[in-house]
file work-v3.pdb (PDB, C-alpha atoms, pLDDT in the B column)
MODEL        1
ATOM      1  CA  ALA A   1     -12.064  13.771  23.280  1.00 55.00           C
ATOM      2  CA  VAL A   2      -9.058  16.124  23.561  1.00 58.00           C
ATOM      3  CA  VAL A   3     -11.094  18.623  25.633  1.00 60.00           C
ATOM      4  CA  GLY A   4     -12.323  15.864  27.878  1.00 63.00           C
ATOM      5  CA  ALA A   5      -8.746  14.640  28.403  1.00 60.00           C
ATOM      6  CA  MET A   6      -7.400  18.137  29.157  1.00 59.00           C
ATOM      7  CA  PRO A   7      -8.458  18.325  32.852  1.00 62.00           C
ATOM      8  CA  GLY A   8      -6.614  15.139  33.698  1.00 58.00           C
ATOM      9  CA  ILE A   9      -3.530  16.302  31.759  1.00 57.00           C
ATOM     10  CA  HIS A  10      -3.478  19.716  33.390  1.00 57.00           C
ATOM     11  CA  ALA A  11      -4.188  18.306  36.838  1.00 56.00           C
ATOM     12  CA  ALA A  12      -1.286  15.824  36.413  1.00 51.00           C
ATOM     13  CA  ALA A  13       0.973  18.680  35.295  1.00 51.00           C
ATOM     14  CA  GLY A  14      -0.240  20.995  38.098  1.00 51.00           C
ATOM     15  CA  LEU A  15      -1.479  23.685  35.696  1.00 49.00           C
ATOM     16  CA  LEU A  16      -5.100  24.027  36.894  1.00 46.00           C
ATOM     17  CA  PRO A  17      -6.012  25.622  40.210  1.00 43.00           C
ATOM     18  CA  THR A  18      -8.923  24.436  42.302  1.00 42.00           C
ATOM     19  CA  VAL A  19     -12.093  26.235  41.184  1.00 43.00           C
ATOM     20  CA  PRO A  20     -15.519  26.351  42.825  1.00 41.00           C
ATOM     21  CA  GLN A  21     -18.031  23.847  41.560  1.00 41.00           C
ATOM     22  CA  HIS A  22     -21.205  24.987  39.865  1.00 42.00           C
ATOM     23  CA  ARG A  23     -23.679  23.496  37.503  1.00 40.00           C
ATOM     24  CA  SER A  24     -23.283  24.440  33.872  1.00 41.00           C
ATOM     25  CA  SER A  25     -23.799  22.867  30.520  1.00 40.00           C
ATOM     26  CA  GLY A  26     -21.496  23.531  27.575  1.00 42.00           C
ATOM     27  CA  PHE A  27     -18.865  26.282  27.848  1.00 40.00           C
ATOM     28  CA  THR A  28     -19.107  29.102  30.414  1.00 41.00           C
ATOM     29  CA  GLY A  29     -16.847  32.044  31.158  1.00 40.00           C
ATOM     30  CA  GLU A  30     -16.328  34.422  34.090  1.00 40.00           C
ATOM     31  CA  ALA A  31     -15.618  38.114  33.679  1.00 38.00           C
ATOM     32  CA  GLY A  32     -12.075  39.260  34.474  1.00 39.00           C
ATOM     33  CA  VAL A  33     -10.795  35.685  34.784  1.00 38.00           C
ATOM     34  CA  GLY A  34     -10.539  34.441  31.176  1.00 39.00           C
ATOM     35  CA  TRP A  35     -11.266  30.775  32.016  1.00 39.00           C
ATOM     36  CA  ILE A  36     -13.318  28.433  29.918  1.00 41.00           C
ATOM     37  CA  GLY A  37     -15.302  25.844  31.842  1.00 42.00           C
ATOM     38  CA  VAL A  38     -15.801  22.486  30.194  1.00 42.00           C
ATOM     39  CA  ARG A  39     -18.119  19.860  31.564  1.00 43.00           C
ATOM     40  CA  PRO A  40     -18.839  16.799  29.484  1.00 43.00           C
ATOM     41  CA  ALA A  41     -22.287  15.314  29.666  1.00 42.00           C
ATOM     42  CA  CYS A  42     -20.940  12.173  31.307  1.00 45.00           C
ATOM     43  CA  CYS A  43     -19.217  14.054  34.088  1.00 45.00           C
ATOM     44  CA  GLY A  44     -20.773  15.049  37.432  1.00 47.00           C
ATOM     45  CA  ALA A  45     -21.252  18.455  38.959  1.00 46.00           C
ATOM     46  CA  GLY A  46     -17.533  19.345  38.903  1.00 49.00           C
ATOM     47  CA  THR A  47     -16.247  21.674  36.187  1.00 49.00           C
ATOM     48  CA  ALA A  48     -12.684  21.605  34.733  1.00 50.00           C
ATOM     49  CA  ARG A  49     -11.183  24.839  33.512  1.00 56.00           C
ATOM     50  CA  ALA A  50      -8.301  25.485  31.051  1.00 55.00           C
ATOM     51  CA  THR A  51      -6.782  28.596  29.535  1.00 67.00           C
ATOM     52  CA  PRO A  52      -7.070  29.141  25.763  1.00 68.00           C
ATOM     53  CA  ALA A  53      -3.284  29.359  25.484  1.00 73.00           C
ATOM     54  CA  SER A  54      -2.740  25.934  27.065  1.00 74.00           C
ATOM     55  CA  PHE A  55      -5.494  24.481  24.898  1.00 75.00           C
ATOM     56  CA  PHE A  56      -3.879  25.712  21.681  1.00 78.00           C
ATOM     57  CA  GLU A  57      -0.453  24.702  22.904  1.00 80.00           C
ATOM     58  CA  LEU A  58      -1.812  21.223  23.462  1.00 81.00           C
ATOM     59  CA  LEU A  59      -3.336  21.198  19.980  1.00 82.00           C
ATOM     60  CA  HIS A  60      -0.040  22.443  18.504  1.00 82.00           C
ATOM     61  CA  LEU A  61       1.904  19.811  20.432  1.00 83.00           C
ATOM     62  CA  SER A  62      -0.536  17.092  19.349  1.00 85.00           C
ATOM     63  CA  ARG A  63      -0.248  18.193  15.733  1.00 85.00           C
ATOM     64  CA  LYS A  64       3.543  18.298  15.984  1.00 86.00           C
ATOM     65  CA  LEU A  65       3.612  14.822  17.511  1.00 86.00           C
ATOM     66  CA  LEU A  66       1.272  13.518  14.832  1.00 87.00           C
ATOM     67  CA  GLU A  67       3.434  15.044  12.090  1.00 88.00           C
ATOM     68  CA  GLU A  68       6.590  13.618  13.614  1.00 87.00           C
ATOM     69  CA  HIS A  69       4.902  10.251  13.965  1.00 87.00           C
ATOM     70  CA  ALA A  70       3.689  10.448  10.344  1.00 89.00           C
ATOM     71  CA  ALA A  71       7.166  11.422   9.123  1.00 90.00           C
ATOM     72  CA  LYS A  72       8.712   8.648  11.173  1.00 89.00           C
ATOM     73  CA  SER A  73       6.142   6.207   9.861  1.00 89.00           C
ATOM     74  CA  GLN A  74       6.834   7.304   6.280  1.00 90.00           C
ATOM     75  CA  GLN A  75      10.575   6.971   6.856  1.00 90.00           C
ATOM     76  CA  GLU A  76      10.143   3.520   8.384  1.00 91.00           C
ATOM     77  CA  GLN A  77       7.824   2.588   5.513  1.00 90.00           C
ATOM     78  CA  HIS A  78      10.417   3.792   3.030  1.00 91.00           C
ATOM     79  CA  VAL A  79      13.144   1.817   4.821  1.00 91.00           C
ATOM     80  CA  LEU A  80      10.839  -1.198   4.910  1.00 91.00           C
ATOM     81  CA  GLN A  81      10.062  -0.897   1.205  1.00 90.00           C
ATOM     82  CA  THR A  82      13.756  -0.462   0.425  1.00 91.00           C
ATOM     83  CA  SER A  83      14.613  -3.497   2.543  1.00 91.00           C
ATOM     84  CA  LEU A  84      11.856  -5.511   0.879  1.00 90.00           C
ATOM     85  CA  GLY A  85      13.181  -4.478  -2.527  1.00 89.00           C
ATOM     86  CA  LYS A  86      16.707  -5.489  -1.540  1.00 91.00           C
ATOM     87  CA  LEU A  87      15.436  -8.784  -0.133  1.00 91.00           C
ATOM     88  CA  SER A  88      13.512  -9.418  -3.333  1.00 89.00           C
ATOM     89  CA  SER A  89      16.607  -8.623  -5.393  1.00 90.00           C
ATOM     90  CA  ILE A  90      18.743 -10.870  -3.184  1.00 92.00           C
ATOM     91  CA  ARG A  91      16.144 -13.624  -3.427  1.00 89.00           C
ATOM     92  CA  SER A  92      16.193 -13.317  -7.212  1.00 89.00           C
ATOM     93  CA  GLN A  93      20.000 -13.376  -7.229  1.00 90.00           C
ATOM     94  CA  VAL A  94      20.044 -16.421  -4.944  1.00 91.00           C
ATOM     95  CA  LYS A  95      17.545 -18.149  -7.191  1.00 89.00           C
ATOM     96  CA  ASP A  96      19.646 -17.361 -10.275  1.00 89.00           C
ATOM     97  CA  MET A  97      22.787 -18.556  -8.484  1.00 89.00           C
ATOM     98  CA  GLY A  98      21.002 -21.769  -7.527  1.00 87.00           C
ATOM     99  CA  GLN A  99      19.988 -22.341 -11.143  1.00 88.00           C
ATOM    100  CA  ASP A 100      23.520 -21.588 -12.332  1.00 88.00           C
ATOM    101  CA  LEU A 101      24.858 -23.982  -9.713  1.00 87.00           C
ATOM    102  CA  GLU A 102      22.540 -26.709 -10.890  1.00 88.00           C
ATOM    103  CA  VAL A 103      23.669 -26.109 -14.458  1.00 88.00           C
ATOM    104  CA  MET A 104      27.328 -26.122 -13.436  1.00 87.00           C
ATOM    105  CA  ARG A 105      27.008 -29.134 -11.112  1.00 87.00           C
ATOM    106  CA  PRO A 106      28.027 -31.754 -13.754  1.00 89.00           C
ATOM    107  CA  SER A 107      31.093 -29.755 -14.751  1.00 88.00           C
ATOM    108  CA  LEU A 108      31.949 -29.179 -11.097  1.00 88.00           C
ATOM    109  CA  GLU A 109      31.687 -32.893 -10.391  1.00 89.00           C
ATOM    110  CA  GLU A 110      33.900 -33.615 -13.387  1.00 90.00           C
ATOM    111  CA  THR A 111      36.388 -30.986 -12.240  1.00 90.00           C
ATOM    112  CA  LYS A 112      36.360 -32.507  -8.756  1.00 90.00           C
ATOM    113  CA  SER A 113      37.102 -35.950 -10.175  1.00 91.00           C
ATOM    114  CA  ALA A 114      39.885 -34.511 -12.339  1.00 92.00           C
ATOM    115  CA  VAL A 115      41.396 -32.761  -9.326  1.00 93.00           C
ATOM    116  CA  GLN A 116      41.314 -35.985  -7.323  1.00 92.00           C
ATOM    117  CA  ARG A 117      43.007 -37.867 -10.170  1.00 92.00           C
ATOM    118  CA  THR A 118      45.599 -35.119 -10.433  1.00 93.00           C
ATOM    119  CA  ILE A 119      46.283 -35.311  -6.691  1.00 94.00           C
ATOM    120  CA  LYS A 120      46.776 -39.082  -6.914  1.00 92.00           C
ATOM    121  CA  GLN A 121      49.089 -38.670  -9.904  1.00 93.00           C
ATOM    122  CA  ILE A 122      51.037 -35.998  -8.012  1.00 93.00           C
ATOM    123  CA  GLU A 123      51.467 -38.404  -5.092  1.00 93.00           C
ATOM    124  CA  VAL A 124      52.722 -41.129  -7.447  1.00 92.00           C
ATOM    125  CA  ASP A 125      55.071 -38.668  -9.156  1.00 92.00           C
ATOM    126  CA  ARG A 126      56.307 -37.479  -5.780  1.00 91.00           C
ATOM    127  CA  ALA A 127      57.135 -41.039  -4.758  1.00 92.00           C
ATOM    128  CA  GLN A 128      59.007 -41.562  -8.031  1.00 92.00           C
ATOM    129  CA  ILE A 129      60.836 -38.269  -7.575  1.00 93.00           C
ATOM    130  CA  ASP A 130      61.892 -39.297  -4.073  1.00 92.00           C
ATOM    131  CA  LEU A 131      63.143 -42.619  -5.455  1.00 92.00           C
ATOM    132  CA  HIS A 132      65.057 -40.870  -8.254  1.00 91.00           C
ATOM    133  CA  ARG A 133      66.475 -38.431  -5.733  1.00 91.00           C
ATOM    134  CA  CYS A 134      67.804 -41.283  -3.610  1.00 92.00           C
ATOM    135  CA  GLN A 135      69.315 -42.893  -6.691  1.00 92.00           C
ATOM    136  CA  VAL A 136      70.896 -39.617  -7.778  1.00 92.00           C
ATOM    137  CA  LEU A 137      72.344 -39.074  -4.305  1.00 92.00           C
ATOM    138  CA  GLN A 138      73.783 -42.597  -4.353  1.00 92.00           C
ATOM    139  CA  GLN A 139      75.213 -42.051  -7.838  1.00 92.00           C
ATOM    140  CA  GLU A 140      76.653 -38.738  -6.712  1.00 91.00           C
ATOM    141  CA  ALA A 141      78.336 -40.421  -3.751  1.00 92.00           C
ATOM    142  CA  ASP A 142      79.725 -43.141  -6.049  1.00 92.00           C
ATOM    143  CA  ALA A 143      80.927 -40.484  -8.496  1.00 92.00           C
ATOM    144  CA  ARG A 144      82.706 -38.624  -5.704  1.00 92.00           C
ATOM    145  CA  GLU A 145      84.356 -41.841  -4.568  1.00 92.00           C
ATOM    146  CA  LYS A 146      85.473 -42.620  -8.130  1.00 91.00           C
ATOM    147  CA  GLU A 147      86.697 -39.063  -8.512  1.00 91.00           C
ATOM    148  CA  GLN A 148      88.804 -39.501  -5.401  1.00 92.00           C
ATOM    149  CA  GLU A 149      90.189 -42.788  -6.786  1.00 91.00           C
ATOM    150  CA  CYS A 150      90.918 -41.102 -10.130  1.00 91.00           C
ATOM    151  CA  ARG A 151      92.770 -38.322  -8.355  1.00 91.00           C
ATOM    152  CA  ILE A 152      94.855 -40.880  -6.458  1.00 92.00           C
ATOM    153  CA  ARG A 153      95.574 -42.743  -9.707  1.00 90.00           C
ATOM    154  CA  GLU A 154      96.385 -39.482 -11.418  1.00 90.00           C
ATOM    155  CA  GLN A 155      98.882 -38.648  -8.689  1.00 90.00           C
ATOM    156  CA  ASP A 156     100.375 -42.160  -8.952  1.00 89.00           C
ATOM    157  CA  ALA A 157     100.524 -41.844 -12.750  1.00 89.00           C
ATOM    158  CA  LYS A 158     102.218 -38.467 -12.480  1.00 89.00           C
ATOM    159  CA  HIS A 159     104.710 -39.925 -10.016  1.00 88.00           C
ATOM    160  CA  GLY A 160     105.332 -42.958 -12.268  1.00 86.00           C
ATOM    161  CA  LEU A 161     105.587 -40.720 -15.314  1.00 87.00           C
ATOM    162  CA  SER A 162     108.158 -38.553 -13.599  1.00 88.00           C
ATOM    163  CA  GLU A 163     110.163 -41.672 -12.704  1.00 86.00           C
ATOM    164  CA  ALA A 164     109.776 -43.032 -16.257  1.00 86.00           C
ATOM    165  CA  LEU A 165     110.877 -39.716 -17.711  1.00 87.00           C
ATOM    166  CA  SER A 166     113.885 -39.754 -15.412  1.00 86.00           C
ATOM    167  CA  SER A 167     114.743 -43.314 -16.524  1.00 84.00           C
ATOM    168  CA  LEU A 168     114.134 -42.330 -20.133  1.00 85.00           C
ATOM    169  CA  GLU A 169     116.478 -39.391 -19.799  1.00 86.00           C
ATOM    170  CA  ASP A 170     119.084 -41.693 -18.246  1.00 85.00           C
ATOM    171  CA  ALA A 171     118.592 -44.187 -21.093  1.00 84.00           C
ATOM    172  CA  ILE A 172     118.851 -41.464 -23.707  1.00 86.00           C
ATOM    173  CA  ASP A 173     121.977 -40.209 -21.979  1.00 85.00           C
ATOM    174  CA  GLY A 174     123.388 -43.760 -22.041  1.00 82.00           C
ATOM    175  CA  VAL A 175     122.476 -44.228 -25.694  1.00 81.00           C
ATOM    176  CA  ARG A 176     124.216 -40.980 -26.520  1.00 83.00           C
ATOM    177  CA  ARG A 177     127.361 -42.260 -24.836  1.00 84.00           C
ATOM    178  CA  VAL A 178     127.388 -45.477 -26.923  1.00 80.00           C
ATOM    179  CA  HIS A 179     129.916 -45.402 -29.709  1.00 82.00           C
ATOM    180  CA  VAL A 180     130.037 -47.298 -32.970  1.00 83.00           C
ATOM    181  CA  SER A 181     133.014 -49.230 -31.726  1.00 83.00           C
ATOM    182  CA  HIS A 182     130.956 -50.590 -28.857  1.00 79.00           C
ATOM    183  CA  ILE A 183     128.292 -51.790 -31.269  1.00 80.00           C
ATOM    184  CA  ARG A 184     130.926 -53.431 -33.502  1.00 81.00           C
ATOM    185  CA  GLU A 185     132.447 -55.105 -30.473  1.00 78.00           C
ATOM    186  CA  VAL A 186     129.095 -56.564 -29.416  1.00 75.00           C
ATOM    187  CA  LYS A 187     128.321 -57.577 -32.988  1.00 78.00           C
ATOM    188  CA  ALA A 188     131.660 -59.314 -33.345  1.00 77.00           C
ATOM    189  CA  MET A 189     130.980 -61.520 -30.312  1.00 73.00           C
ATOM    190  CA  SER A 190     129.545 -64.803 -31.524  1.00 73.00           C
ATOM    191  CA  LYS A 191     129.060 -65.807 -27.943  1.00 77.00           C
ATOM    192  CA  PRO A 192     128.755 -63.381 -24.977  1.00 76.00           C
ATOM    193  CA  SER A 193     131.624 -63.449 -22.610  1.00 78.00           C
ATOM    194  CA  ALA A 194     131.282 -64.613 -19.021  1.00 85.00           C
ATOM    195  CA  GLY A 195     131.230 -61.041 -17.732  1.00 85.00           C
ATOM    196  CA  VAL A 196     128.379 -60.091 -20.083  1.00 82.00           C
ATOM    197  CA  VAL A 197     126.400 -63.183 -19.106  1.00 84.00           C
ATOM    198  CA  LEU A 198     126.904 -62.403 -15.418  1.00 89.00           C
ATOM    199  CA  VAL A 199     125.774 -58.778 -15.855  1.00 89.00           C
ATOM    200  CA  MET A 200     122.673 -59.742 -17.860  1.00 87.00           C
ATOM    201  CA  THR A 201     121.794 -62.443 -15.355  1.00 88.00           C
ATOM    202  CA  THR A 202     122.066 -59.943 -12.519  1.00 90.00           C
ATOM    203  CA  VAL A 203     119.927 -57.435 -14.394  1.00 89.00           C
ATOM    204  CA  CYS A 204     117.263 -60.087 -15.071  1.00 89.00           C
ATOM    205  CA  MET A 205     117.251 -61.052 -11.419  1.00 90.00           C
ATOM    206  CA  LEU A 206     116.876 -57.406 -10.375  1.00 88.00           C
ATOM    207  CA  MET A 207     114.080 -56.840 -12.922  1.00 87.00           C
ATOM    208  CA  ASP A 208     112.399 -60.111 -11.912  1.00 87.00           C
ATOM    209  CA  ILE A 209     112.603 -61.527 -15.437  1.00 88.00           C
ATOM    210  CA  ALA A 210     112.541 -65.316 -15.615  1.00 85.00           C
ATOM    211  CA  PRO A 211     115.150 -66.944 -17.871  1.00 78.00           C
ATOM    212  CA  THR A 212     114.041 -68.646 -21.072  1.00 80.00           C
ATOM    213  CA  LYS A 213     115.873 -71.332 -22.950  1.00 78.00           C
ATOM    214  CA  LYS A 214     116.250 -70.946 -26.689  1.00 79.00           C
ATOM    215  CA  PRO A 215     117.972 -73.416 -29.018  1.00 79.00           C
ATOM    216  CA  GLY A 216     121.288 -72.270 -30.423  1.00 73.00           C
ATOM    217  CA  PRO A 217     122.396 -72.455 -34.037  1.00 73.00           C
ATOM    218  CA  GLN A 218     123.922 -75.894 -33.466  1.00 70.00           C
TER     219      GLN A 218
ENDMDL
END

call {"tool": "encode", "arguments": {"input": "work-v3.pdb", "output": "structure tokens"}}
result
Amino acid sequence: AVVGAMPGIHAAAGLLPTVPQHRSSGFTGEAGVGWIGVRPACCGAGTARATPASFFELLHLSRKLLEEHAAKSQQEQHVLQTSLGKLSSIRSQVKDMGQDLEVMRPSLEETKSAVQRTIKQIEVDRAQIDLHRCQVLQQEADAREKEQECRIREQDAKHGLSEALSSLEDAIDGVRRVHVSHIREVKAMSKPSAGVVLVMTTVCMLMDIAPTKKPGPQ
């Protein structure tokens, strides 16, 4: 088959010259030329010729191509077997994961329900926290207002205390200036004099003290 295909290959490549036609069966050679004539039984009177070197080169090339094709086929077969092994392993892993998932499905459903309940509780707690925050802010505002009032009262108390201390110092100074003779004089009066009554009345009017009537000894 290779020999029969050689004339067409060489003719397509331009390697064979035109040779005279003659009838021959099998292989024939011509002296001083070194050609080998090949005529298949199915062919006509024409004879194709090829050099031995080109014939062996073709055989070597065919063998090389076959070896490369075989090596490539083996490599592809190895890759295919490796891929099939990986696919089988992945299929087994997927099957195991599916079984594990089926086993874990009840717990996953329970976990899902627990998470949903937790989310609802978090929303309720968040609403309560917002309410408490508003209340705390209001209480803080009220506390600041009361603090301001307390500061004002503190300032008023300090001012009143300073005035009271001043009056107290004046009273103490007055008490220190009172002598025993003054006390005896007041004690000796069975009835206050008109001047004393006038002074006390004026003081009561200035201090806005209403008069009260008390029965005398008689």

call {"tool": "atom_distance", "arguments": {"input": "work-v3.pdb", "atom1": "atom CA of Gly160 of chain A", "atom2": "atom CA of Val196 of chain A"}}
result
29.8 Å

call {"tool": "residues_around", "arguments": {"input": "work-v3.pdb", "residues": "segment 206-217 of chain A", "least_positions_apart": "2", "cutoff": "12 Å", "atoms": "all atoms listed in the file", "output": "list in words"}}
result
Ser190, Lys191, Val197, Val199, Met200, Thr201, Thr202, Val203 and Cys204 of chain A

call {"tool": "write_last_selection", "arguments": {"input": "work-v3.pdb", "atoms": "C-alpha atoms", "output": "PDB file, keeping the file's coordinate frame"}}
result
ATOM      1  CA  SER A 190     129.545 -64.803 -31.524  1.00 73.00           C
ATOM      2  CA  LYS A 191     129.060 -65.807 -27.943  1.00 77.00           C
ATOM      3  CA  VAL A 197     126.400 -63.183 -19.106  1.00 84.00           C
ATOM      4  CA  VAL A 199     125.774 -58.778 -15.855  1.00 89.00           C
ATOM      5  CA  MET A 200     122.673 -59.742 -17.860  1.00 87.00           C
ATOM      6  CA  THR A 201     121.794 -62.443 -15.355  1.00 88.00           C
ATOM      7  CA  THR A 202     122.066 -59.943 -12.519  1.00 90.00           C
ATOM      8  CA  VAL A 203     119.927 -57.435 -14.394  1.00 89.00           C
ATOM      9  CA  CYS A 204     117.263 -60.087 -15.071  1.00 89.00           C
TER      10      CYS A 204
END

call {"tool": "atom_distance", "arguments": {"input": "work-v3.pdb", "atom1": "atom CA of Ala164 of chain A", "atom2": "atom CA of Glu147 of chain A"}}
result
24.7 Å

call {"tool": "atom_distance", "arguments": {"input": "work-v3.pdb", "atom1": "atom CA of Val178 of chain A", "atom2": "atom CA of Ala194 of chain A"}}
result
21.1 Å

call {"tool": "build_atoms", "arguments": {"input": "work-v3.pdb", "residues": "segment 189-198 of chain A", "atoms": "all heavy atoms", "output": "mmCIF file, in the coordinates of the input"}}
result
data_model
loop_
_atom_site.group_PDB
_atom_site.id
_atom_site.type_symbol
_atom_site.label_atom_id
_atom_site.label_comp_id
_atom_site.auth_asym_id
_atom_site.auth_seq_id
_atom_site.Cartn_x
_atom_site.Cartn_y
_atom_site.Cartn_z
ATOM 1 N N MET A 189 131.010 -60.395 -31.252
ATOM 2 C CA MET A 189 130.980 -61.520 -30.312
ATOM 3 C C MET A 189 129.977 -62.544 -30.795
ATOM 4 O O MET A 189 128.779 -62.272 -30.828
ATOM 5 C CB MET A 189 130.588 -61.045 -28.924
ATOM 6 C CG MET A 189 131.636 -60.178 -28.238
ATOM 7 S SD MET A 189 131.064 -59.741 -26.588
ATOM 8 C CE MET A 189 132.434 -58.719 -26.047
ATOM 9 N N SER A 190 130.454 -63.711 -31.155
ATOM 10 C CA SER A 190 129.545 -64.803 -31.524
ATOM 11 C C SER A 190 128.889 -65.412 -30.297
ATOM 12 O O SER A 190 127.782 -65.948 -30.360
ATOM 13 C CB SER A 190 130.322 -65.885 -32.294
ATOM 14 O OG SER A 190 131.386 -66.387 -31.481
ATOM 15 N N LYS A 191 129.587 -65.315 -29.193
ATOM 16 C CA LYS A 191 129.060 -65.807 -27.943
ATOM 17 C C LYS A 191 129.430 -64.791 -26.870
ATOM 18 O O LYS A 191 130.598 -64.400 -26.778
ATOM 19 C CB LYS A 191 129.649 -67.172 -27.610
ATOM 20 C CG LYS A 191 129.091 -67.785 -26.357
ATOM 21 C CD LYS A 191 129.699 -69.163 -26.111
ATOM 22 C CE LYS A 191 129.137 -69.803 -24.859
ATOM 23 N NZ LYS A 191 129.728 -71.137 -24.583
ATOM 24 N N PRO A 192 128.426 -64.356 -26.016
ATOM 25 C CA PRO A 192 128.755 -63.381 -24.977
ATOM 26 C C PRO A 192 129.804 -63.938 -24.029
ATOM 27 O O PRO A 192 129.830 -65.118 -23.721
ATOM 28 C CB PRO A 192 127.409 -63.143 -24.274
ATOM 29 C CG PRO A 192 126.381 -63.584 -25.247
ATOM 30 C CD PRO A 192 127.002 -64.708 -26.035
ATOM 31 N N SER A 193 130.601 -63.037 -23.555
ATOM 32 C CA SER A 193 131.624 -63.449 -22.610
ATOM 33 C C SER A 193 130.996 -63.722 -21.249
ATOM 34 O O SER A 193 129.817 -63.422 -21.003
ATOM 35 C CB SER A 193 132.671 -62.340 -22.491
ATOM 36 O OG SER A 193 132.068 -61.155 -22.012
ATOM 37 N N ALA A 194 131.786 -64.264 -20.350
ATOM 38 C CA ALA A 194 131.282 -64.613 -19.021
ATOM 39 C C ALA A 194 130.854 -63.369 -18.256
ATOM 40 O O ALA A 194 129.863 -63.362 -17.518
ATOM 41 C CB ALA A 194 132.360 -65.379 -18.262
ATOM 42 N N GLY A 195 131.609 -62.276 -18.422
ATOM 43 C CA GLY A 195 131.230 -61.041 -17.732
ATOM 44 C C GLY A 195 129.896 -60.508 -18.202
ATOM 45 O O GLY A 195 129.058 -60.063 -17.397
ATOM 46 N N VAL A 196 129.658 -60.570 -19.539
ATOM 47 C CA VAL A 196 128.379 -60.091 -20.083
ATOM 48 C C VAL A 196 127.234 -60.957 -19.595
ATOM 49 O O VAL A 196 126.162 -60.480 -19.223
ATOM 50 C CB VAL A 196 128.432 -60.050 -21.611
ATOM 51 C CG1 VAL A 196 127.074 -59.699 -22.193
ATOM 52 C CG2 VAL A 196 129.486 -59.067 -22.079
ATOM 53 N N VAL A 197 127.453 -62.269 -19.590
ATOM 54 C CA VAL A 197 126.400 -63.183 -19.106
ATOM 55 C C VAL A 197 126.091 -62.907 -17.649
ATOM 56 O O VAL A 197 124.927 -62.893 -17.213
ATOM 57 C CB VAL A 197 126.828 -64.638 -19.326
ATOM 58 C CG1 VAL A 197 125.828 -65.587 -18.688
ATOM 59 C CG2 VAL A 197 126.954 -64.933 -20.815
ATOM 60 N N LEU A 198 127.110 -62.679 -16.843
ATOM 61 C CA LEU A 198 126.904 -62.403 -15.418
ATOM 62 C C LEU A 198 126.128 -61.100 -15.226
ATOM 63 O O LEU A 198 125.196 -61.024 -14.417
ATOM 64 C CB LEU A 198 128.266 -62.335 -14.710
ATOM 65 C CG LEU A 198 128.215 -62.040 -13.206
ATOM 66 C CD1 LEU A 198 127.431 -63.145 -12.481
ATOM 67 C CD2 LEU A 198 129.619 -61.924 -12.642
#
